[in-house]
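Next comes my_file_16.cif, a file with mmCIF, C-alpha atoms.
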data_final
loop_
_atom_site.label_atom_id
_atom_site.label_comp_id
_atom_site.auth_asym_id
_atom_site.auth_seq_id
_atom_site.Cartn_x
_atom_site.Cartn_y
_atom_site.Cartn_z
CA MET L 161 -36.94 13.86 57.55
CA LYS L 162 -40.18 14.96 59.16
CA ARG L 163 -40.00 12.00 61.48
CA LEU L 164 -36.59 13.08 62.70
CA VAL L 165 -37.95 16.48 63.73
CA LEU L 166 -40.26 14.71 66.16
CA PHE L 167 -37.22 13.48 68.08
CA VAL L 168 -35.95 16.99 68.74
CA PRO L 169 -37.84 17.40 72.06
CA LEU L 170 -36.52 14.02 73.23
CA VAL L 171 -32.97 15.03 72.40
CA ILE L 172 -33.38 18.33 74.26
CA PHE L 173 -34.88 16.50 77.22
CA LEU L 174 -31.99 14.01 77.34
CA GLY L 175 -29.51 16.87 77.16
CA VAL L 176 -31.10 18.73 80.05
CA ALA L 177 -31.48 15.47 82.02
CA ALA L 178 -27.79 14.63 81.58
CA PHE L 179 -26.83 18.15 82.65
CA LEU L 180 -28.98 18.03 85.79
CA PHE L 181 -27.92 14.47 86.62
CA GLN L 182 -24.28 15.53 86.60
CA GLY L 183 -25.25 18.37 88.94
CA LEU L 184 -26.37 15.83 91.54
CA TYR L 185 -22.78 14.75 92.02
CA LEU L 186 -21.22 18.19 92.35
CA ASN L 187 -20.15 19.31 95.77
CA PRO L 188 -21.49 22.81 96.36
CA LYS L 189 -18.87 23.35 99.06
CA GLU L 190 -16.10 23.05 96.48
CA LEU L 191 -16.01 26.60 95.27
CA ASP L 192 -13.32 27.69 92.89
CA SER L 193 -11.09 29.83 94.95
CA ALA L 194 -10.68 33.23 93.37
CA LEU L 195 -7.19 33.20 94.80
CA VAL L 196 -5.77 30.23 92.89
CA GLY L 197 -2.99 31.51 90.65
CA LYS L 198 -2.51 34.65 92.71
CA PRO L 199 0.12 35.40 95.34
CA VAL L 200 -0.63 34.99 99.04
CA PRO L 201 -2.23 38.29 100.14
CA GLN L 202 -0.14 40.74 102.16
CA PHE L 203 -0.59 40.35 105.89
CA GLN L 204 0.86 41.44 109.18
CA LEU L 205 -0.20 39.40 112.17
CA THR L 206 1.17 38.45 115.54
CA GLN L 207 2.41 35.00 116.40
CA LEU L 208 -0.15 32.95 118.29
CA GLU L 209 2.19 32.04 121.13
CA ASP L 210 3.76 35.48 121.48
CA PRO L 211 1.85 38.73 120.85
CA ALA L 212 5.16 40.62 120.68
CA VAL L 213 6.30 38.79 117.55
CA THR L 214 4.98 40.12 114.25
CA ILE L 215 4.84 37.85 111.23
CA THR L 216 4.58 39.02 107.62
CA ASN L 217 4.79 37.39 104.20
CA LYS L 218 8.58 37.44 104.39
CA ASP L 219 8.54 34.86 107.17
CA LEU L 220 6.94 32.25 104.96
CA ALA L 221 9.14 29.68 103.27
CA GLY L 222 10.48 29.80 99.73
CA GLU L 223 9.38 26.24 99.16
CA VAL L 224 6.07 24.47 98.74
CA TYR L 225 4.05 24.89 101.90
CA LEU L 226 0.57 24.57 103.35
CA ILE L 227 -1.60 27.15 105.05
CA ASN L 228 -4.12 25.60 107.38
CA VAL L 229 -6.98 27.65 108.81
CA TRP L 230 -8.11 26.30 112.16
CA ALA L 231 -9.76 27.22 115.46
CA THR L 232 -10.53 25.61 118.79
CA TRP L 233 -14.25 26.20 118.27
CA CYS L 234 -14.16 24.11 115.11
CA PRO L 235 -14.90 20.39 115.65
CA SER L 236 -13.74 19.34 112.18
CA CYS L 237 -10.38 21.00 112.89
CA LYS L 238 -9.95 18.72 115.89
CA TYR L 239 -10.80 15.79 113.67
CA GLU L 240 -8.08 16.63 111.14
CA HIS L 241 -5.52 17.62 113.76
CA PRO L 242 -3.90 14.17 114.22
CA PHE L 243 -3.29 13.92 110.49
CA LEU L 244 -1.59 17.31 110.46
CA ASN L 245 0.59 16.09 113.33
CA LYS L 246 1.51 13.09 111.24
CA LEU L 247 2.47 15.29 108.30
CA LYS L 248 4.67 17.32 110.62
CA GLN L 249 6.33 14.13 111.91
CA ARG L 250 7.06 13.01 108.38
CA GLY L 251 8.65 16.41 107.83
CA GLU L 252 6.89 16.76 104.50
CA MET L 253 6.76 20.55 104.35
CA PRO L 254 6.13 23.59 106.51
CA ILE L 255 2.55 23.99 107.62
CA TYR L 256 1.52 27.48 108.63
CA GLY L 257 -1.46 27.71 110.90
CA ILE L 258 -3.93 30.54 110.89
CA ASN L 259 -5.75 30.59 114.17
CA TYR L 260 -9.05 31.93 112.92
CA ARG L 261 -11.42 34.03 115.04
CA ASP L 262 -10.21 32.37 118.17
CA GLU L 263 -8.81 33.29 121.55
CA ARG L 264 -5.12 33.13 122.22
CA MET L 265 -5.05 31.26 125.50
CA PRO L 266 -7.35 28.34 124.69
CA ALA L 267 -5.64 27.93 121.32
CA VAL L 268 -2.15 27.72 122.85
CA ARG L 269 -3.41 25.35 125.51
CA TYR L 270 -5.00 23.15 122.87
CA LEU L 271 -1.75 22.91 120.88
CA ASN L 272 0.23 22.11 124.03
CA LYS L 273 -2.15 19.29 124.79
CA SER L 274 -2.74 17.82 121.33
CA GLY L 275 0.54 18.52 119.59
CA ASP L 276 1.55 21.41 117.38
CA PRO L 277 1.84 20.55 113.68
CA TYR L 278 2.54 24.14 112.65
CA SER L 279 5.88 25.74 111.82
CA ILE L 280 4.46 29.16 112.61
CA ASN L 281 1.06 29.98 113.96
CA LEU L 282 -0.58 33.25 112.98
CA PHE L 283 -3.14 34.75 115.29
CA ASP L 284 -6.03 36.14 113.25
CA PRO L 285 -8.74 37.00 115.80
CA GLU L 286 -10.76 39.23 113.46
CA GLY L 287 -10.30 36.91 110.51
CA SER L 288 -8.82 39.71 108.41
CA PHE L 289 -6.14 37.62 106.70
CA ALA L 290 -8.56 34.74 106.35
CA PHE L 291 -10.97 37.17 104.72
CA ASP L 292 -8.34 38.15 102.16
CA LEU L 293 -7.79 34.45 101.51
CA GLY L 294 -11.49 34.01 100.81
CA VAL L 295 -11.97 31.71 103.79
CA TYR L 296 -15.60 31.19 104.78
CA GLY L 297 -15.22 28.54 107.43
CA ALA L 298 -12.72 26.26 109.06
CA PRO L 299 -10.88 24.06 108.39
CA GLU L 300 -9.50 25.16 105.06
CA THR L 301 -6.12 24.28 103.59
CA PHE L 302 -4.18 26.08 100.88
CA VAL L 303 -1.22 24.80 98.89
CA VAL L 304 1.30 27.51 98.07
CA ASP L 305 4.17 26.99 95.64
CA ALA L 306 7.79 28.02 95.98
CA LYS L 307 7.11 31.41 94.46
CA GLY L 308 4.39 32.20 96.97
CA ILE L 309 1.50 31.63 94.55
CA VAL L 310 -1.63 29.93 95.87
CA ARG L 311 -2.15 26.80 93.77
CA TYR L 312 -4.94 24.93 95.48
CA ARG L 313 -7.60 25.48 98.06
CA PHE L 314 -9.35 22.74 99.95
CA ALA L 315 -12.34 23.42 102.19
CA GLY L 316 -13.02 20.59 104.62
CA VAL L 317 -11.26 17.98 106.69
CA LEU L 318 -7.81 17.06 105.45
CA GLU L 319 -7.52 13.29 105.75
CA PRO L 320 -5.30 10.62 104.17
CA GLY L 321 -7.68 9.91 101.27
CA VAL L 322 -7.87 13.54 100.23
CA TRP L 323 -4.15 13.93 100.78
CA ALA L 324 -3.30 11.05 98.46
CA ARG L 325 -5.82 12.05 95.82
CA ASP L 326 -5.61 15.84 95.65
CA PHE L 327 -2.51 16.99 97.48
CA MET L 328 0.28 14.51 96.77
CA PRO L 329 0.23 14.70 92.95
CA LEU L 330 0.00 18.49 93.02
CA ILE L 331 2.82 18.87 95.55
CA LYS L 332 5.02 16.54 93.53
CA GLN L 333 4.35 18.61 90.45
CA LEU L 334 5.02 21.89 92.27
CA ARG L 335 8.35 20.57 93.55
CA GLN L 336 9.30 19.57 90.02
CA GLU L 337 8.44 23.08 88.88
CA ALA L 338 10.53 24.58 91.66
CA LYS L 339 13.48 22.44 90.62
CA GLY L 340 13.04 23.61 87.08
CA ILE L 341 13.43 27.22 88.21
CA SER L 342 16.57 26.84 90.30
CA MET A 192 -51.80 36.57 137.22
CA LYS A 193 -50.41 39.95 136.37
CA ARG A 194 -46.89 38.68 136.93
CA ILE A 195 -47.40 35.78 134.58
CA LEU A 196 -48.79 38.11 131.97
CA THR A 197 -45.78 40.39 132.30
CA LEU A 198 -43.49 37.39 131.93
CA VAL A 199 -45.30 36.12 128.83
CA VAL A 200 -45.25 39.54 127.18
CA GLY A 201 -41.59 39.93 128.12
CA VAL A 202 -40.65 36.58 126.61
CA MET A 203 -42.56 37.36 123.44
CA MET A 204 -40.82 40.68 123.07
CA ALA A 205 -37.44 39.10 123.64
CA ALA A 206 -38.22 36.49 120.97
CA ALA A 207 -39.20 39.23 118.54
CA ILE A 208 -35.93 41.04 119.14
CA HIS A 209 -33.90 37.95 118.27
CA ALA A 210 -35.90 37.10 115.18
CA ALA A 211 -33.59 38.87 112.70
CA PRO A 212 -29.87 39.56 112.48
CA ILE A 213 -29.28 42.95 113.96
CA ASP A 214 -26.24 45.01 113.17
CA THR A 215 -25.36 47.96 115.29
CA TYR A 216 -23.71 49.61 112.35
CA GLU A 217 -24.73 53.23 111.89
CA PHE A 218 -24.82 54.74 108.45
CA ASN A 219 -23.94 58.34 107.89
CA ASP A 220 -26.94 59.04 105.74
CA GLU A 221 -30.01 57.45 104.26
CA GLU A 222 -28.50 57.05 100.79
CA HIS A 223 -25.63 54.99 102.23
CA ARG A 224 -28.02 52.82 104.19
CA GLU A 225 -30.10 52.00 101.12
CA ARG A 226 -27.08 51.32 98.95
CA GLY A 227 -25.40 49.19 101.62
CA GLN A 228 -28.47 47.10 102.19
CA SER A 229 -29.22 46.58 98.51
CA LEU A 230 -25.60 45.49 97.96
CA ALA A 231 -25.81 43.10 100.91
CA ALA A 232 -28.96 41.64 99.38
CA GLU A 233 -27.19 41.13 96.06
CA LEU A 234 -24.19 39.25 97.45
CA ARG A 235 -24.37 35.57 98.34
CA CYS A 236 -23.13 34.17 101.62
CA PRO A 237 -20.36 31.66 100.73
CA GLN A 238 -21.03 29.60 103.85
CA CYS A 239 -24.79 29.09 103.67
CA GLN A 240 -24.99 29.39 99.87
CA ASN A 241 -28.73 29.88 99.63
CA GLN A 242 -28.92 33.15 101.48
CA ASN A 243 -27.71 36.60 100.71
CA LEU A 244 -25.56 38.57 103.12
CA HIS A 245 -28.52 40.57 104.23
CA ASP A 246 -30.52 37.58 105.44
CA SER A 247 -27.81 35.29 106.73
CA ASN A 248 -26.86 34.88 110.36
CA SER A 249 -23.55 33.09 109.78
CA PRO A 250 -20.43 34.79 111.14
CA ILE A 251 -18.83 35.14 107.73
CA ALA A 252 -21.96 36.79 106.34
CA MET A 253 -21.90 39.18 109.27
CA ASP A 254 -18.27 40.08 108.55
CA MET A 255 -18.96 40.54 104.88
CA ARG A 256 -22.03 42.64 105.58
CA LEU A 257 -20.06 44.93 107.85
CA GLN A 258 -17.36 45.13 105.21
CA VAL A 259 -19.96 46.21 102.65
CA TYR A 260 -21.34 48.87 104.98
CA GLU A 261 -17.89 50.18 105.80
CA MET A 262 -16.91 50.40 102.16
CA VAL A 263 -20.16 52.21 101.37
CA GLY A 264 -19.36 54.58 104.23
CA GLU A 265 -15.93 55.20 102.74
CA GLY A 266 -17.64 56.30 99.56
CA LYS A 267 -16.61 53.30 97.43
CA SER A 268 -18.66 52.68 94.31
CA ASN A 269 -20.83 49.58 93.88
CA ASP A 270 -18.41 48.21 91.29
CA GLU A 271 -15.44 48.64 93.60
CA ILE A 272 -17.22 46.84 96.41
CA ILE A 273 -18.36 43.94 94.23
CA THR A 274 -14.85 43.58 92.79
CA TYR A 275 -13.46 43.49 96.31
CA PHE A 276 -15.63 40.47 97.08
CA THR A 277 -15.22 38.64 93.77
CA ASP A 278 -11.43 39.00 94.17
CA ARG A 279 -11.70 36.97 97.35
CA TYR A 280 -14.68 34.70 96.91
CA GLY A 281 -15.02 34.49 93.13
CA ASP A 282 -18.06 35.08 90.96
CA PHE A 283 -19.98 32.76 93.24
CA VAL A 284 -20.77 35.59 95.65
CA ARG A 285 -22.76 37.42 93.03
CA TYR A 286 -26.41 36.58 92.66
CA ARG A 287 -26.33 38.50 89.39
CA PRO A 288 -23.17 37.31 87.62
CA ALA A 289 -21.39 39.61 85.20
CA PHE A 290 -21.91 38.97 81.51
CA ASP A 291 -18.86 37.20 80.06
CA ALA A 292 -17.98 34.12 78.01
CA ARG A 293 -18.66 31.75 80.93
CA THR A 294 -22.01 33.21 81.87
CA ALA A 295 -23.24 33.95 78.35
CA VAL A 296 -25.37 30.78 78.27
CA LEU A 297 -26.91 31.75 81.58
CA TRP A 298 -27.86 35.19 80.36
CA MET A 299 -28.79 34.34 76.79
CA GLY A 300 -30.41 30.93 77.47
CA PRO A 301 -33.88 32.22 78.36
CA VAL A 302 -33.86 34.61 75.39
CA ALA A 303 -32.78 31.79 73.07
CA PHE A 304 -35.54 29.51 74.39
CA LEU A 305 -38.08 32.28 73.95
CA ILE A 306 -37.03 32.85 70.35
CA ILE A 307 -37.05 29.11 69.55
CA GLY A 308 -40.47 28.77 71.17
CA ALA A 309 -41.85 31.75 69.27
CA ILE A 310 -40.57 30.43 65.94
CA GLY A 311 -41.90 26.95 66.73
CA GLY A 312 -45.30 28.33 67.68
CA PHE A 313 -45.45 30.51 64.59
CA VAL A 314 -44.63 27.62 62.25
CA PHE A 315 -47.14 25.35 64.01
CA ILE A 316 -49.97 27.85 63.74
CA ARG A 317 -49.18 28.60 60.08
CA ARG A 318 -49.34 24.90 59.24
CA GLN A 319 -52.60 24.35 61.06
CA ARG A 320 -54.16 27.26 59.20
CA ALA A 321 -52.88 26.05 55.85
CA GLN A 322 -54.38 22.62 56.52
CA THR A 323 -57.86 23.81 57.53
CA ALA A 324 -58.00 26.32 54.73
CA GLY A 325 -57.00 23.97 51.90
CA SER A 326 -59.37 21.39 50.40
CA VAL A 327 -59.17 17.86 51.71
CA GLU A 328 -57.22 15.61 49.39
CA VAL A 329 -58.42 12.07 49.07
CA SER A 330 -56.22 9.41 47.60
CA SER A 331 -57.49 7.34 44.66
CA ILE A 332 -57.71 4.17 46.76
CA ASP A 333 -59.78 5.95 49.38
CA LYS A 334 -61.96 7.38 46.64
CA GLU A 335 -62.63 3.92 45.24
CA LYS A 336 -63.54 2.65 48.68
CA LEU A 337 -65.82 5.62 49.23
CA ASP A 338 -67.58 5.12 45.93
CA LYS A 339 -68.07 1.48 46.68
CA LEU A 340 -69.52 2.23 50.09
CA LEU A 341 -71.91 4.77 48.63
CA LYS A 342 -73.02 2.32 45.98
CA ASP A 343 -73.63 -0.40 48.57
CA GLN A 344 -75.68 2.06 50.57
CA GLN A 345 -77.88 2.98 47.61
CA GLN A 346 -78.64 -0.61 46.76
#

As a first step, turn the structure in this file into structure tokens.
Amino acid sequence: MKRLVLFVPLVIFLGVAAFLFQGLYLNPKELDSALVGKPVPQFQLTQLEDPAVTITNKDLAGEVYLINVWATWCPSCKYEHPFLNKLKQRGEMPIYGINYRDERMPAVRYLNKSGDPYSINLFDPEGSFAFDLGVYGAPETFVVDAKGIVRYRFAGVLEPGVWARDFMPLIKQLRQEAKGIS
Amino acid sequence: MKRILTLVVGVMMAAAIHAAPIDTYEFNDEEHRERGQSLAAELRCPQCQNQNLHDSNSPIAMDMRLQVYEMVGEGKSNDEIITYFTDRYGDFVRYRPAFDARTAVLWMGPVAFLIIGAIGGFVFIRRQRAQTAGSVEVSSIDKEKLDKLLKDQQQ
């Protein structure tokens, strides 16, 4: 019995070591979004291409959709852009763009040149809507379900691997849920 | 020579000016300034992660800092301001997380370790004392050996 007590420090050490070792493989950029499970925040922004057009929550679809935060000053956004175009081509779902802390003209020019994957583009020069979404950089992508509830947030470049691993199963599930409702 | 000196001094002054993030925000009174700055020092920048809002130069930290100052200016309480940020960025933005089921280990851990250490130390010291105070017990085999050794010595 006394012998066993001597092993207590070793056990504690192994416990702490296992805990810290696991920490090595966590991605500090993957923060839990405080918004997951909550509705998309209220917003009122102009359309990127036309300052006269105002867009609010009502203009977003009643089906599963993506919100993609992007900007022309963001190199990673340019990197993920072709994949977004591909998603648009496949007609998977509406993608709403939030042009984040950007300028209107260069952003429109960029989309004309490189293709426009977005159903609607919101112009958010002060980042106010992005702020309400808890965005801290670009690119970031949100998955919103048919009821307008944010279900997933992804910070970083959206590419096929991530899409297949994180997005596809979730979107399938959300569509099933939506079918269940109607 | 004088010109060069002027240039050098000028460059040094310019460097000093750009050494820290400078906000042009003006507080209404001293109390607001102190509260705003202490709140900004207590909130973590979600982009840079190892800096608070007060020290960080990243654009998002700048936005958040201004937001803090504005809310202080509007007369919002500290709790209201912190809730505003945790609603958007989660508990992560707080350097001092609230006490709840998830953070209980974090808060109570050090206290628990202290108590365990104190108990361990107490028991250890008690045992040591008991050992030195009590008479030394010698087993019968050892006693035989000892007697034999002593006898050999005497012979």

Please evaluate the PyMOL selection byres ((chain A) within 9 of (chain L)) against the structure above and give the resulting residues as a PyMOL selection string.
chain A and resi 236-238+240+250-252+254-255+276-283

Which residues come within 12 Å of range 294-309 of chain A, counting all atoms listed in the file, excluding same-chain residues fewer than 5 positions away, as a PDB file with C-alpha atoms, in the frame of the given file?
ATOM      1  CA  PRO L 169     -37.840  17.400  72.060  1.00  0.00           C
ATOM      2  CA  ILE L 172     -33.380  18.330  74.260  1.00  0.00           C
TER       3      ILE L 172
ATOM      4  CA  ASP A 282     -18.060  35.080  90.960  1.00  0.00           C
ATOM      5  CA  PHE A 283     -19.980  32.760  93.240  1.00  0.00           C
ATOM      6  CA  ARG A 285     -22.760  37.420  93.030  1.00  0.00           C
ATOM      7  CA  ARG A 287     -26.330  38.500  89.390  1.00  0.00           C
ATOM      8  CA  PRO A 288     -23.170  37.310  87.620  1.00  0.00           C
ATOM      9  CA  ALA A 289     -21.390  39.610  85.200  1.00  0.00           C
ATOM     10  CA  VAL A 314     -44.630  27.620  62.250  1.00  0.00           C
ATOM     11  CA  PHE A 315     -47.140  25.350  64.010  1.00  0.00           C
ATOM     12  CA  ILE A 316     -49.970  27.850  63.740  1.00  0.00           C
TER      13      ILE A 316
END

Answer as an MDAnalysis selection string, residues within 10 Å of (-0.2, 21.2, 101.7) using all atoms listed in the file
chainID L and resid 224:228 244 247 252:256 301:305 311:314 318 323 326:328 330:331

Which residues, named as in the file, does the PyMOL selection byres ((chain L and resi 263) around 10) pick out? Answer as number ranges by chain.
L: 208, 231-233, 259-262, 264-268, 283-285

One decimal, Å: what's the distance from CA of Leu271 in chain L over to CA of Pro242 in chain L, could you say?
11.2 Å

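Between CA of Glu240 in chain L and CA of Glu337 in chain L the interatomic distance comes to 28.5 Å.
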
List, as a compact mmCIF listing (two decimals) with C-alpha atoms, in the frame of the given file, every residue that the PyMOL selection byres ((chain A and resi 217-223) around 9) selects in the file provided.
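Writing the result to result.txt gives the following:
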# COMPACT_ATOMS: atom_id res chain seq x y z
CA ASP A 214 -26.24 45.01 113.17
CA THR A 215 -25.36 47.96 115.29
CA TYR A 216 -23.71 49.61 112.35
CA ARG A 224 -28.02 52.82 104.19
CA GLU A 225 -30.10 52.00 101.12
CA ARG A 226 -27.08 51.32 98.95
CA GLY A 227 -25.40 49.19 101.62
CA GLN A 228 -28.47 47.10 102.19
CA TYR A 260 -21.34 48.87 104.98
CA GLU A 261 -17.89 50.18 105.80
CA VAL A 263 -20.16 52.21 101.37
CA GLY A 264 -19.36 54.58 104.23
CA GLY A 266 -17.64 56.30 99.56

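CA of Asn281 in chain L sits 7.5 Å away from CA of Glu209 in chain L.
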
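Proximity ranking of L:Lys246, L:Ala315, L:Gln207, L:Gln333 relative to Asn187 in chain L places L:Ala315 first, based on only C-alpha atoms.
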
Counting all atoms listed in the file, which of L:Gly175, L:Leu282, L:Lys248, L:Lys198 gets nearest to Thr214 in chain L?
L:Leu282

Report as an MDAnalysis selection string all protein, DNA and RNA residues lying within 6 Å of Glu233 in chain A, evaluated on only C-alpha atoms, omitting residues in the same chain fewer than 2 positions from it.
chainID A and resid 230:231 286

Output of the above residues as a compact mmCIF listing (two decimals), keeping the file's coordinate frame, restricted to C-alpha atoms:
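Saved result, part_5.txt, follows:
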# COMPACT_ATOMS: atom_id res chain seq x y z
CA LEU A 230 -25.60 45.49 97.96
CA ALA A 231 -25.81 43.10 100.91
CA TYR A 286 -26.41 36.58 92.66

Using all atoms listed in the file, find all polymer residues with an atom at most 8 Å away from the point (3.4, 35.3, 94.3); report them as a PDB file with C-alpha atoms, in the coordinates of the input.
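And here's out.pdb as it stands now:
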ATOM      1  CA  LYS L 198      -2.510  34.650  92.710  1.00  0.00           C
ATOM      2  CA  PRO L 199       0.120  35.400  95.340  1.00  0.00           C
ATOM      3  CA  VAL L 200      -0.630  34.990  99.040  1.00  0.00           C
ATOM      4  CA  LYS L 307       7.110  31.410  94.460  1.00  0.00           C
ATOM      5  CA  GLY L 308       4.390  32.200  96.970  1.00  0.00           C
ATOM      6  CA  ILE L 309       1.500  31.630  94.550  1.00  0.00           C
ATOM      7  CA  VAL L 310      -1.630  29.930  95.870  1.00  0.00           C
TER       8      VAL L 310
END

In terms of only C-alpha atoms, the residue from A:Ile332, A:Thr274, A:Val284, A:Val199 at minimal distance from Asn241 in chain A is A:Val284

Surrounding residues of Met262 in chain A excluding itself and chain neighbours under 5 positions, 9 Å, all atoms listed in the file, as a PyMOL selection string:
chain A and resi 227+257+267-268+271-272
